[in-house]
Amino acid sequence: MSYKIPLFDLNFSELEGKAVVETLKDGWISTGPKCLAFEKQFAEMLDVKHAVSVANCTTALHLVYDVLGITAGDEVICPSLSFVATVNAIRYLNAIPVFCDIVSEDNLNIDPEKVEKLITAKTKAIVVMHFAGFPVDMDNIMSIAKRHSLKVIEDACHGPLSEYKGKKLGTIGDAGCFSFFSNKNISTGEGGMIVTNNKEVESEIRLKRSHGMTSMSYQRASGHSTEYDVVTVGYNYRMDDIHASIGIVQLNKIQKDLEKRAVVRKYYLEELGNLGNLITIPFKKNTEFVSNYIFPIIINNCTKTKRDEIRNKMHSFGIQTSVHYPAIHSFSIYKRFSQDIRLEITEKVVNSEITLPMYSKLTQKEIKYISKCLQQSLK
Ligand SMILES: *Cc1c(COP(=O)(O)O)cnc(C)c1O
């Protein structure tokens, strides 16, 4: 079915196509100069020392967890309210996910107070996910991590260019991971980026990204080296120059795109104000510059059945919606890691959340229509 108003719309023009054709004509299509240029521009925009492009964010998370020393049996404190890749990558290393609740229906991010209570002698790291691009309370997370000598990984997939007290998300912990999947703020089809200020972490990531080989084909082809050694068991997690050339075009557009999204959010706050205490709009008091990756709302006093009925009504009005997310700890494969836990707020939110359309081309008129339809659907 095609919707009158989709959940998301690609911010693509003829420029992305042109960039791809140029790369194809250049003749170097695997990891090479376009990846390097994309990495450089990304690092500059985030004011971070190093950026390494990868095939997608799932590989980014795997590499970062691995390089930061997470290994079999280690406990990693993580949100359950995230995309499953955040946690799957913990399992790639046979480490143990320890699910932590969020702050409230108003703040859908992991709760530092609850994080600290979950720390044991086995805890190795904390993974945070900045929901919809709104910052986790990083001051508290970083001071807890420091007190207990833990690594901090930011799953910043929702938040390119989002800020926390003047710093860009992804650059505050030991490393940050980004996705350029088609429906993200920056879209290349598949793609990802790792950022870090730690030179050793960067070198180790570059090594493991490409089979553990000490040089890459592009370096050899351009005469910088003729031989290579293999010094660790690595992977092939590289991005290629075709995707990177799309990424460069997307990076040139993102600041404007985010500014427009901020206006879309403002329209939503104005229009949905009429719904009084029927809904909660998370992060309503946020004043930071954020990516507005998605626009989540919580239906107050809701059940899963009622929420799904409201979504069906919205769809019949031609408006696409989504749910972010089903709780990871409830998935069959993760039940054995969640037997003794109660994530009260997460469990409430996953049954009452609806994600409304969010993209920069949305007009005030369309937001008015969405709000009117929501009002109807809530009846
Ligand atoms: C999209 C997403 C991922 C996975 O990214 P891929 O590039 O598709 O592997 C991980 N975590 C979060 C929070 C995401 O939104």
# chains A, B, ... in the order shown; residues from 1 in each chain; ligands from 1

$ select_by_dssp --residues "region 50-226 of chain A" --states "alpha helix (DSSP H)" --output "JSON, numbers by chain"
{"A": [57, 58, 59, 60, 61, 62, 63, 64, 65, 66, 67, 85, 86, 87, 88, 89, 90, 91, 92, 112, 113, 114, 115, 116, 117, 138, 139, 140, 141, 142, 143, 144, 145, 146, 147, 199, 200, 201, 202, 203, 204, 205, 206, 207, 208, 209, 217, 218, 219, 220, 221]}

$ residues_around --residues "Thr71 (chain A)" --least-positions-apart "2" --cutoff "10 Å" --atoms "only C-alpha atoms" --output "count of residues only"
17

$ closest_atom_pairs --of "chain A" --to "ligand 1" --cutoff "9 Å" --atoms "only C-alpha atoms and all ligand atoms" --output "JSON lines"
{"residue": "A:Ala55", "atom": "CA", "partner": "ligand 1", "partner_atom_place_in_ligand_line": "7 (O)", "distance": 7.5}
{"residue": "A:Asn56", "atom": "CA", "partner": "ligand 1", "partner_atom_place_in_ligand_line": "7 (O)", "distance": 3.8}
{"residue": "A:Cys57", "atom": "CA", "partner": "ligand 1", "partner_atom_place_in_ligand_line": "7 (O)", "distance": 3.7}
{"residue": "A:Thr58", "atom": "CA", "partner": "ligand 1", "partner_atom_place_in_ligand_line": "9 (O)", "distance": 3.7}
{"residue": "A:Thr59", "atom": "CA", "partner": "ligand 1", "partner_atom_place_in_ligand_line": "9 (O)", "distance": 6.6}
{"residue": "A:Ala60", "atom": "CA", "partner": "ligand 1", "partner_atom_place_in_ligand_line": "9 (O)", "distance": 7.8}
{"residue": "A:Leu61", "atom": "CA", "partner": "ligand 1", "partner_atom_place_in_ligand_line": "10 (C)", "distance": 7.9}
{"residue": "A:Leu81", "atom": "CA", "partner": "ligand 1", "partner_atom_place_in_ligand_line": "13 (C)", "distance": 8.9}
{"residue": "A:Ser82", "atom": "CA", "partner": "ligand 1", "partner_atom_place_in_ligand_line": "13 (C)", "distance": 5.3}
{"residue": "A:Phe83", "atom": "CA", "partner": "ligand 1", "partner_atom_place_in_ligand_line": "12 (C)", "distance": 4.8}
{"residue": "A:Val84", "atom": "CA", "partner": "ligand 1", "partner_atom_place_in_ligand_line": "10 (C)", "distance": 7.0}
{"residue": "A:Ala85", "atom": "CA", "partner": "ligand 1", "partner_atom_place_in_ligand_line": "10 (C)", "distance": 5.0}
{"residue": "A:Thr86", "atom": "CA", "partner": "ligand 1", "partner_atom_place_in_ligand_line": "11 (N)", "distance": 5.2}
{"residue": "A:Val87", "atom": "CA", "partner": "ligand 1", "partner_atom_place_in_ligand_line": "11 (N)", "distance": 8.7}
{"residue": "A:Met129", "atom": "CA", "partner": "ligand 1", "partner_atom_place_in_ligand_line": "13 (C)", "distance": 6.0}
{"residue": "A:His130", "atom": "CA", "partner": "ligand 1", "partner_atom_place_in_ligand_line": "13 (C)", "distance": 7.7}
{"residue": "A:Phe131", "atom": "CA", "partner": "ligand 1", "partner_atom_place_in_ligand_line": "13 (C)", "distance": 7.4}
{"residue": "A:Ala132", "atom": "CA", "partner": "ligand 1", "partner_atom_place_in_ligand_line": "15 (O)", "distance": 8.6}
{"residue": "A:Asp155", "atom": "CA", "partner": "ligand 1", "partner_atom_place_in_ligand_line": "13 (C)", "distance": 6.0}
{"residue": "A:Ala156", "atom": "CA", "partner": "ligand 1", "partner_atom_place_in_ligand_line": "13 (C)", "distance": 6.8}
{"residue": "A:Cys157", "atom": "CA", "partner": "ligand 1", "partner_atom_place_in_ligand_line": "14 (C)", "distance": 5.0}
{"residue": "A:His158", "atom": "CA", "partner": "ligand 1", "partner_atom_place_in_ligand_line": "15 (O)", "distance": 5.7}
{"residue": "A:Cys177", "atom": "CA", "partner": "ligand 1", "partner_atom_place_in_ligand_line": "10 (C)", "distance": 8.2}
{"residue": "A:Phe178", "atom": "CA", "partner": "ligand 1", "partner_atom_place_in_ligand_line": "7 (O)", "distance": 7.2}
{"residue": "A:Ser179", "atom": "CA", "partner": "ligand 1", "partner_atom_place_in_ligand_line": "7 (O)", "distance": 4.0}
{"residue": "A:Phe180", "atom": "CA", "partner": "ligand 1", "partner_atom_place_in_ligand_line": "7 (O)", "distance": 5.7}
{"residue": "A:Phe181", "atom": "CA", "partner": "ligand 1", "partner_atom_place_in_ligand_line": "7 (O)", "distance": 5.0}
{"residue": "A:Ser182", "atom": "CA", "partner": "ligand 1", "partner_atom_place_in_ligand_line": "8 (O)", "distance": 8.5}
{"residue": "A:Asn183", "atom": "CA", "partner": "ligand 1", "partner_atom_place_in_ligand_line": "1 (C)", "distance": 8.1}
{"residue": "A:Lys184", "atom": "CA", "partner": "ligand 1", "partner_atom_place_in_ligand_line": "1 (C)", "distance": 7.0}
{"residue": "A:Gly189", "atom": "CA", "partner": "ligand 1", "partner_atom_place_in_ligand_line": "7 (O)", "distance": 8.8}
{"residue": "A:Glu190", "atom": "CA", "partner": "ligand 1", "partner_atom_place_in_ligand_line": "7 (O)", "distance": 6.0}
{"residue": "A:Gly191", "atom": "CA", "partner": "ligand 1", "partner_atom_place_in_ligand_line": "7 (O)", "distance": 5.7}
{"residue": "A:Gly192", "atom": "CA", "partner": "ligand 1", "partner_atom_place_in_ligand_line": "7 (O)", "distance": 5.6}
{"residue": "A:Met193", "atom": "CA", "partner": "ligand 1", "partner_atom_place_in_ligand_line": "7 (O)", "distance": 8.9}

$ write_last_selection --atoms "N, CA and C atoms" --output "tab-separated table (two decimals), in the first residue's frame"
chain	number	residue	atom	x	y	z
A	55	ALA	N	30.72	-1.16	6.58
A	55	ALA	CA	29.63	-1.65	5.73
A	55	ALA	C	28.25	-1.27	6.24
A	56	ASN	N	28.07	-1.21	7.56
A	56	ASN	CA	26.80	-0.82	8.18
A	56	ASN	C	27.04	-0.63	9.67
A	57	CYS	N	26.03	-0.22	10.42
A	57	CYS	CA	26.28	0.05	11.84
A	57	CYS	C	26.41	-1.22	12.66
A	58	THR	N	25.82	-2.32	12.18
A	58	THR	CA	25.95	-3.57	12.92
A	58	THR	C	27.42	-4.01	12.96
A	59	THR	N	28.11	-3.86	11.84
A	59	THR	CA	29.54	-4.18	11.81
A	59	THR	C	30.32	-3.15	12.67
A	60	ALA	N	29.85	-1.92	12.68
A	60	ALA	CA	30.49	-0.88	13.50
A	60	ALA	C	30.44	-1.29	14.97
A	61	LEU	N	29.26	-1.70	15.42
A	61	LEU	CA	29.09	-2.08	16.83
A	61	LEU	C	29.95	-3.30	17.15
A	81	LEU	N	15.20	-0.88	24.86
A	81	LEU	CA	14.46	-0.05	23.90
A	81	LEU	C	15.43	0.48	22.84
A	82	SER	N	15.79	-0.40	21.90
A	82	SER	CA	16.69	-0.03	20.82
A	82	SER	C	16.45	-0.99	19.68
A	83	PHE	N	17.16	-0.79	18.58
A	83	PHE	CA	17.11	-1.77	17.50
A	83	PHE	C	17.97	-2.97	17.92
A	84	VAL	N	17.56	-4.15	17.52
A	84	VAL	CA	18.16	-5.39	18.05
A	84	VAL	C	19.66	-5.50	17.77
A	85	ALA	N	20.15	-4.80	16.74
A	85	ALA	CA	21.58	-4.89	16.40
A	85	ALA	C	22.47	-4.43	17.55
A	86	THR	N	22.01	-3.45	18.34
A	86	THR	CA	22.77	-2.96	19.49
A	86	THR	C	23.17	-4.13	20.39
A	87	VAL	N	22.26	-5.09	20.53
A	87	VAL	CA	22.46	-6.20	21.45
A	87	VAL	C	23.01	-7.44	20.73
A	129	MET	N	22.06	4.38	23.74
A	129	MET	CA	21.47	4.66	22.43
A	129	MET	C	20.66	5.95	22.58
A	130	HIS	N	21.04	6.96	21.81
A	130	HIS	CA	20.39	8.27	21.94
A	130	HIS	C	19.08	8.24	21.14
A	131	PHE	N	17.97	8.02	21.85
A	131	PHE	CA	16.69	7.76	21.20
A	131	PHE	C	16.21	8.97	20.41
A	132	ALA	N	15.92	8.73	19.13
A	132	ALA	CA	15.42	9.76	18.20
A	132	ALA	C	16.43	10.91	18.01
A	155	ASP	N	25.72	4.12	20.69
A	155	ASP	CA	25.00	3.79	19.46
A	155	ASP	C	24.30	5.09	19.07
A	156	ALA	N	24.94	5.83	18.16
A	156	ALA	CA	24.46	7.17	17.80
A	156	ALA	C	23.73	7.15	16.45
A	157	CYS	N	23.20	5.99	16.09
A	157	CYS	CA	22.51	5.84	14.80
A	157	CYS	C	21.41	6.88	14.58
A	158	HIS	N	20.75	7.29	15.66
A	158	HIS	CA	19.64	8.24	15.53
A	158	HIS	C	20.12	9.69	15.55
A	177	CYS	N	28.94	4.91	17.11
A	177	CYS	CA	28.61	4.17	15.89
A	177	CYS	C	27.40	4.79	15.19
A	178	PHE	N	27.50	4.91	13.87
A	178	PHE	CA	26.44	5.52	13.06
A	178	PHE	C	26.01	4.57	11.94
A	179	SER	N	24.75	4.73	11.50
A	179	SER	CA	24.22	3.93	10.40
A	179	SER	C	23.79	4.85	9.27
A	180	PHE	N	24.03	4.40	8.05
A	180	PHE	CA	23.53	5.14	6.87
A	180	PHE	C	22.56	4.27	6.09
A	181	PHE	N	21.86	3.39	6.80
A	181	PHE	CA	20.76	2.62	6.20
A	181	PHE	C	19.78	3.61	5.57
A	182	SER	N	19.01	3.12	4.60
A	182	SER	CA	18.21	4.06	3.79
A	182	SER	C	17.30	4.97	4.60
A	183	ASN	N	16.74	4.50	5.73
A	183	ASN	CA	15.80	5.38	6.45
A	183	ASN	C	16.44	6.23	7.54
A	184	LYS	N	17.76	6.32	7.58
A	184	LYS	CA	18.43	7.13	8.60
A	184	LYS	C	18.59	8.59	8.12
A	189	GLY	N	21.98	3.66	1.48
A	189	GLY	CA	21.53	2.30	1.20
A	189	GLY	C	21.93	1.43	2.37
A	190	GLU	N	23.16	0.93	2.36
A	190	GLU	CA	23.80	0.36	3.54
A	190	GLU	C	25.05	1.20	3.81
A	191	GLY	N	25.45	1.29	5.05
A	191	GLY	CA	26.66	2.03	5.37
A	191	GLY	C	26.73	2.34	6.84
A	192	GLY	N	27.93	2.60	7.33
A	192	GLY	CA	28.09	2.95	8.74
A	192	GLY	C	29.39	3.68	8.98
A	193	MET	N	29.53	4.25	10.18
A	193	MET	CA	30.76	4.99	10.53
A	193	MET	C	31.04	4.81	12.02

$ residues_around --residues "His315 (chain A)" --least-positions-apart "2" --cutoff "10 Å" --atoms "only C-alpha atoms" --output "MDAnalysis selection string"
chainID A and resid 1:6 309:313 317:321 373

$ residues_around --residues "Glu14 (chain A)" --least-positions-apart "6" --cutoff "12 Å" --atoms "only C-alpha atoms" --output "list in words"
Val20, Val21, Ile246, Val249 and Gln250 of chain A

$ residues_around --residues "Ile328 (chain A)" --least-positions-apart "2" --cutoff "12 Å" --atoms "only C-alpha atoms" --output "PyMOL selection string"
chain A and resi 78-88+97-101+324-326+330-338+343+346-347+350

$ residues_around --residues "region 281-292 of chain A" --least-positions-apart "5" --cutoff "10 Å" --atoms "only C-alpha atoms" --output "VMD selection string"
chain A and resid 104 to 109 131 to 135 158 to 166 168 to 169 185 254 to 255 257 to 262 264 to 265 268 to 269 272 to 273 297 to 299 353 358 to 360

$ select_by_dssp --residues "region 269-367 of chain A" --states "strand (DSSP E)" --output "PDB file with all heavy atoms, in the first residue's frame"
ATOM      1  N   ILE A 279      -2.003  12.212  25.167  1.00  0.00           N
ATOM      2  CA  ILE A 279      -0.696  11.692  24.758  1.00  0.00           C
ATOM      3  C   ILE A 279       0.440  12.382  25.529  1.00  0.00           C
ATOM      4  O   ILE A 279       0.258  13.467  26.082  1.00  0.00           O
ATOM      5  CB  ILE A 279      -0.429  11.890  23.232  1.00  0.00           C
ATOM      6  CG1 ILE A 279      -0.360  13.383  22.873  1.00  0.00           C
ATOM      7  CG2 ILE A 279      -1.487  11.189  22.390  1.00  0.00           C
ATOM      8  CD1 ILE A 279       0.218  13.642  21.479  1.00  0.00           C
ATOM      9  N   THR A 280       1.590  11.714  25.537  1.00  0.00           N
ATOM     10  CA  THR A 280       2.824  12.323  26.047  1.00  0.00           C
ATOM     11  C   THR A 280       3.774  12.448  24.864  1.00  0.00           C
ATOM     12  O   THR A 280       3.914  11.503  24.086  1.00  0.00           O
ATOM     13  CB  THR A 280       3.473  11.418  27.118  1.00  0.00           C
ATOM     14  OG1 THR A 280       2.551  11.284  28.203  1.00  0.00           O
ATOM     15  CG2 THR A 280       4.783  12.009  27.633  1.00  0.00           C
ATOM     16  N   PHE A 295       9.767  10.892  15.105  1.00  0.00           N
ATOM     17  CA  PHE A 295       8.908  11.635  16.027  1.00  0.00           C
ATOM     18  C   PHE A 295       8.008  10.658  16.794  1.00  0.00           C
ATOM     19  O   PHE A 295       6.958  10.247  16.308  1.00  0.00           O
ATOM     20  CB  PHE A 295       8.058  12.665  15.277  1.00  0.00           C
ATOM     21  CG  PHE A 295       7.285  13.560  16.207  1.00  0.00           C
ATOM     22  CD1 PHE A 295       7.903  14.640  16.821  1.00  0.00           C
ATOM     23  CD2 PHE A 295       5.951  13.298  16.508  1.00  0.00           C
ATOM     24  CE1 PHE A 295       7.209  15.449  17.713  1.00  0.00           C
ATOM     25  CE2 PHE A 295       5.252  14.098  17.400  1.00  0.00           C
ATOM     26  CZ  PHE A 295       5.884  15.179  17.994  1.00  0.00           C
ATOM     27  N   PRO A 296       8.456  10.263  17.999  1.00  0.00           N
ATOM     28  CA  PRO A 296       7.679   9.307  18.784  1.00  0.00           C
ATOM     29  C   PRO A 296       6.654  10.009  19.671  1.00  0.00           C
ATOM     30  O   PRO A 296       6.908  11.107  20.170  1.00  0.00           O
ATOM     31  CB  PRO A 296       8.750   8.646  19.667  1.00  0.00           C
ATOM     32  CG  PRO A 296       9.801   9.711  19.832  1.00  0.00           C
ATOM     33  CD  PRO A 296       9.724  10.637  18.656  1.00  0.00           C
ATOM     34  N   ILE A 297       5.488   9.385  19.835  1.00  0.00           N
ATOM     35  CA  ILE A 297       4.542   9.850  20.864  1.00  0.00           C
ATOM     36  C   ILE A 297       4.121   8.640  21.701  1.00  0.00           C
ATOM     37  O   ILE A 297       4.215   7.508  21.246  1.00  0.00           O
ATOM     38  CB  ILE A 297       3.273  10.519  20.264  1.00  0.00           C
ATOM     39  CG1 ILE A 297       2.508   9.539  19.365  1.00  0.00           C
ATOM     40  CG2 ILE A 297       3.631  11.789  19.511  1.00  0.00           C
ATOM     41  CD1 ILE A 297       1.096   9.991  19.035  1.00  0.00           C
ATOM     42  N   ILE A 298       3.676   8.904  22.920  1.00  0.00           N
ATOM     43  CA  ILE A 298       3.183   7.856  23.806  1.00  0.00           C
ATOM     44  C   ILE A 298       1.695   8.117  24.044  1.00  0.00           C
ATOM     45  O   ILE A 298       1.313   9.234  24.397  1.00  0.00           O
ATOM     46  CB  ILE A 298       3.910   7.894  25.177  1.00  0.00           C
ATOM     47  CG1 ILE A 298       5.436   7.934  25.009  1.00  0.00           C
ATOM     48  CG2 ILE A 298       3.452   6.745  26.067  1.00  0.00           C
ATOM     49  CD1 ILE A 298       6.055   6.697  24.449  1.00  0.00           C
ATOM     50  N   ILE A 299       0.865   7.092  23.812  1.00  0.00           N
ATOM     51  CA  ILE A 299      -0.563   7.214  24.115  1.00  0.00           C
ATOM     52  C   ILE A 299      -0.741   6.914  25.602  1.00  0.00           C
ATOM     53  O   ILE A 299      -0.356   5.840  26.070  1.00  0.00           O
ATOM     54  CB  ILE A 299      -1.410   6.197  23.287  1.00  0.00           C
ATOM     55  CG1 ILE A 299      -0.982   6.173  21.813  1.00  0.00           C
ATOM     56  CG2 ILE A 299      -2.891   6.478  23.457  1.00  0.00           C
ATOM     57  CD1 ILE A 299      -1.194   7.455  21.056  1.00  0.00           C
ATOM     58  N   GLU A 353       3.702   3.248  22.407  1.00  0.00           N
ATOM     59  CA  GLU A 353       4.412   4.199  21.544  1.00  0.00           C
ATOM     60  C   GLU A 353       3.912   4.090  20.102  1.00  0.00           C
ATOM     61  O   GLU A 353       3.646   3.003  19.598  1.00  0.00           O
ATOM     62  CB  GLU A 353       5.917   3.912  21.598  1.00  0.00           C
ATOM     63  CG  GLU A 353       6.786   5.002  20.978  1.00  0.00           C
ATOM     64  CD  GLU A 353       7.102   4.818  19.493  1.00  0.00           C
ATOM     65  OE1 GLU A 353       6.805   3.740  18.932  1.00  0.00           O
ATOM     66  OE2 GLU A 353       7.615   5.760  18.890  1.00  0.00           O
ATOM     67  N   ILE A 354       3.806   5.241  19.449  1.00  0.00           N
ATOM     68  CA  ILE A 354       3.562   5.297  18.002  1.00  0.00           C
ATOM     69  C   ILE A 354       4.552   6.298  17.415  1.00  0.00           C
ATOM     70  O   ILE A 354       4.762   7.374  17.977  1.00  0.00           O
ATOM     71  CB  ILE A 354       2.118   5.757  17.667  1.00  0.00           C
ATOM     72  CG1 ILE A 354       1.087   4.772  18.236  1.00  0.00           C
ATOM     73  CG2 ILE A 354       1.931   5.902  16.154  1.00  0.00           C
ATOM     74  CD1 ILE A 354      -0.354   5.148  17.945  1.00  0.00           C
ATOM     75  N   THR A 355       5.173   5.921  16.314  1.00  0.00           N
ATOM     76  CA  THR A 355       6.080   6.849  15.631  1.00  0.00           C
ATOM     77  C   THR A 355       5.339   7.477  14.452  1.00  0.00           C
ATOM     78  O   THR A 355       4.835   6.760  13.587  1.00  0.00           O
ATOM     79  CB  THR A 355       7.335   6.104  15.142  1.00  0.00           C
ATOM     80  OG1 THR A 355       7.926   5.423  16.265  1.00  0.00           O
ATOM     81  CG2 THR A 355       8.341   7.080  14.559  1.00  0.00           C
ATOM     82  N   LEU A 356       5.246   8.790  14.463  1.00  0.00           N
ATOM     83  CA  LEU A 356       4.547   9.520  13.401  1.00  0.00           C
ATOM     84  C   LEU A 356       5.548   9.914  12.300  1.00  0.00           C
ATOM     85  O   LEU A 356       6.753   9.921  12.530  1.00  0.00           O
ATOM     86  CB  LEU A 356       3.880  10.774  13.984  1.00  0.00           C
ATOM     87  CG  LEU A 356       2.788  10.533  15.043  1.00  0.00           C
ATOM     88  CD1 LEU A 356       2.234  11.865  15.556  1.00  0.00           C
ATOM     89  CD2 LEU A 356       1.660   9.665  14.479  1.00  0.00           C
TER      90      LEU A 356
END

$ closest_residue --among "A:Ser187, A:Ile110, A:Ser203, A:Thr120" --to "His243 (chain A)" --atoms "only C-alpha atoms"
A:Ser187

$ atom_distance --atom1 "CA of Phe8 (chain A)" --atom2 "CA of Lys361 (chain A)"
9.6 Å

$ residues_around --residues "Glu116 (chain A)" --least-positions-apart "4" --cutoff "10 Å" --atoms "only C-alpha atoms" --output "ChimeraX atom specification"
/A:77,100,111-112,120,126,140-141,144-145,148

$ atom_distance --atom1 "CA of Asp139 (chain A)" --atom2 "CA of Arg206 (chain A)"
28.9 Å

$ closest_residue --among "A:Lys122, A:Lys379, A:Lys167, A:Lys49" --to "Ser149 (chain A)" --atoms "only C-alpha atoms"
A:Lys122

$ closest_residue --among "A:Thr214, A:Ser143, A:Ser53, A:Ser245" --to "Lys18 (chain A)" --atoms "only C-alpha atoms"
A:Ser245

$ atom_distance --atom1 "CA of Thr23 (chain A)" --atom2 "CA of His50 (chain A)"
23.9 Å

$ closest_residue --among "A:Asp240, A:Lys306, A:Ser210, A:Leu362" --to "Asn11 (chain A)" --atoms "only C-alpha atoms"
A:Leu362

$ closest_residue --among "A:Ala72, A:Ala175, A:Leu46, A:Leu24" --to "Thr196 (chain A)" --atoms "only C-alpha atoms"
A:Ala175
